[in-house]
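Structure, as structure tokens:
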Amino acid sequence: MPTAIRATGLVKKYGAVTALDGLDLEVEEGTVLGLLGPNGAGKTTAVRVFTTLLRPDSGHAEVAGVDVLRHPKELRRRIGVSGQYAAVDEHLTGFENLDMVGRLYHLGAAASRARARELLEQFDLAHAAERVVKGWSGGMRRRLDLAGALVAQPPVLFLDEPTTGLDPRGRVGMWNVIEGLVRGGTTLLLTTQYLEEADRLADRIAVIDHGRVIALGTADELKAQVGGERIEVVLLDPARLTTARHEAAAVGIEEPGVDDRDRRVTVAVDGGTTDLVELLGRLDRAGIEVLEAGLRRPTLDDVFLALTGHHAEAETPSGDTDDPNQPDDPDDPAAGEQEGVA
């Protein structure tokens, strides 16, 4: 299958901070690659390089058959981009926003208007087409932003945390829209902090840390890497977590994890229900009261924890040093000097 996105040895530094450290990446045409990683791992920096918003210090990148550094203007005609924050003009109506994007892509007046109406219908925004965007909800603005990225019907789409800040209903609605795009043949690179999102949407997942890919595969392949099943127990008394962790270590195949907030102990095992029964017996003999107990398969969060050393849920958008609206380093001399995507 042809490659739609390729990076070879991408390096980007901001003073003493290395945002990309020889990044290698490939995305096949018509597939979705989910890019996961801790805050500041280089996810957004990579997207900014692919979309011509940032020049790397070294390395090569190619998108839709176009060299990112040599032919940036040609590349912008072939891609769509939607970032963490809706890039819409709140003083224009929904229709005017999309019509304006069409004209920037030189589609012509009639084609721009027709495409705007088509997208407003597709994204369930037609009822608000003539309303000023300032009064729209956050979820509606995000859908409008994604619609704007699709005005020119690009073969390659970059979505940088497209559902950050949406409520669960809005997030599922956005997933449905994205799945429809992929069925239509669009190639998608998706950065996300939601592991459920990557599990549902991505054909393959790349985990990035310290500016390089540290794991790559399907969700099932990555889960298989951590192996085993997980026992989870929730305690009544958080003061007994240390003792419970010690008991869990006696039956597990690796060091147990403890979540103080949820009073939860998690441990990987290879004996299934036999190990669960043994652990519950140990806790009972130690006088530790258990509120919940269960056995489950590994999740992407287990993968994330094994690879990066912490749970993905520890990430928060407000603390993301890889924010696309800010340089990865406040002293980045290139910040604000890159041309935007038309």
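Residue numbering restarts at 1 for every chain of the structure tokens, chains are lettered A, B, ... in their displayed order, and ligands are numbered from 1 as they appear.
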
For this session: Could you please write out, as an NGL selection string, every residue of segment 105-324 of chain A that DSSP assigns to strand (DSSP E or B)?
Result: :A and (132 or 156-160 or 187-191 or 204-209 or 212-217 or 229-235 or 257-259 or 264-269 or 290-296)

For this session: List the neighbours of segment 203-208 of chain A out to 9 Å using only C-alpha atoms; skip same-chain residues closer than 3 positions along the sequence, and give me the result as a ChimeraX atom specification.
Result: /A:23,25,27,31-38,41-43,198-200,211-219,222,304,307-308

Problem set entry | Top pick for closest residue to Val303 of chain A, considering A:His71, A:Arg77, A:Lys223, A:Lys12 and counting only C-alpha atoms |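 The closest residue to Val303 of chain A is A:Lys223.
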
Problem set entry | Given only C-alpha atoms as the counted atoms, nearest of A:Gln122, A:Ser58, A:Gln84, A:Thr192 to Gly9 of chain A |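 Under the stated criterion, the closest residue is A:Ser58.
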
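The environment of Val101 of chain A within 7 Å, counting only C-alpha atoms and disregarding residues fewer than 3 places along the same chain, consists of A:Asn97, A:Leu98, A:Leu104, A:Tyr105, A:Gly148, A:Val151.
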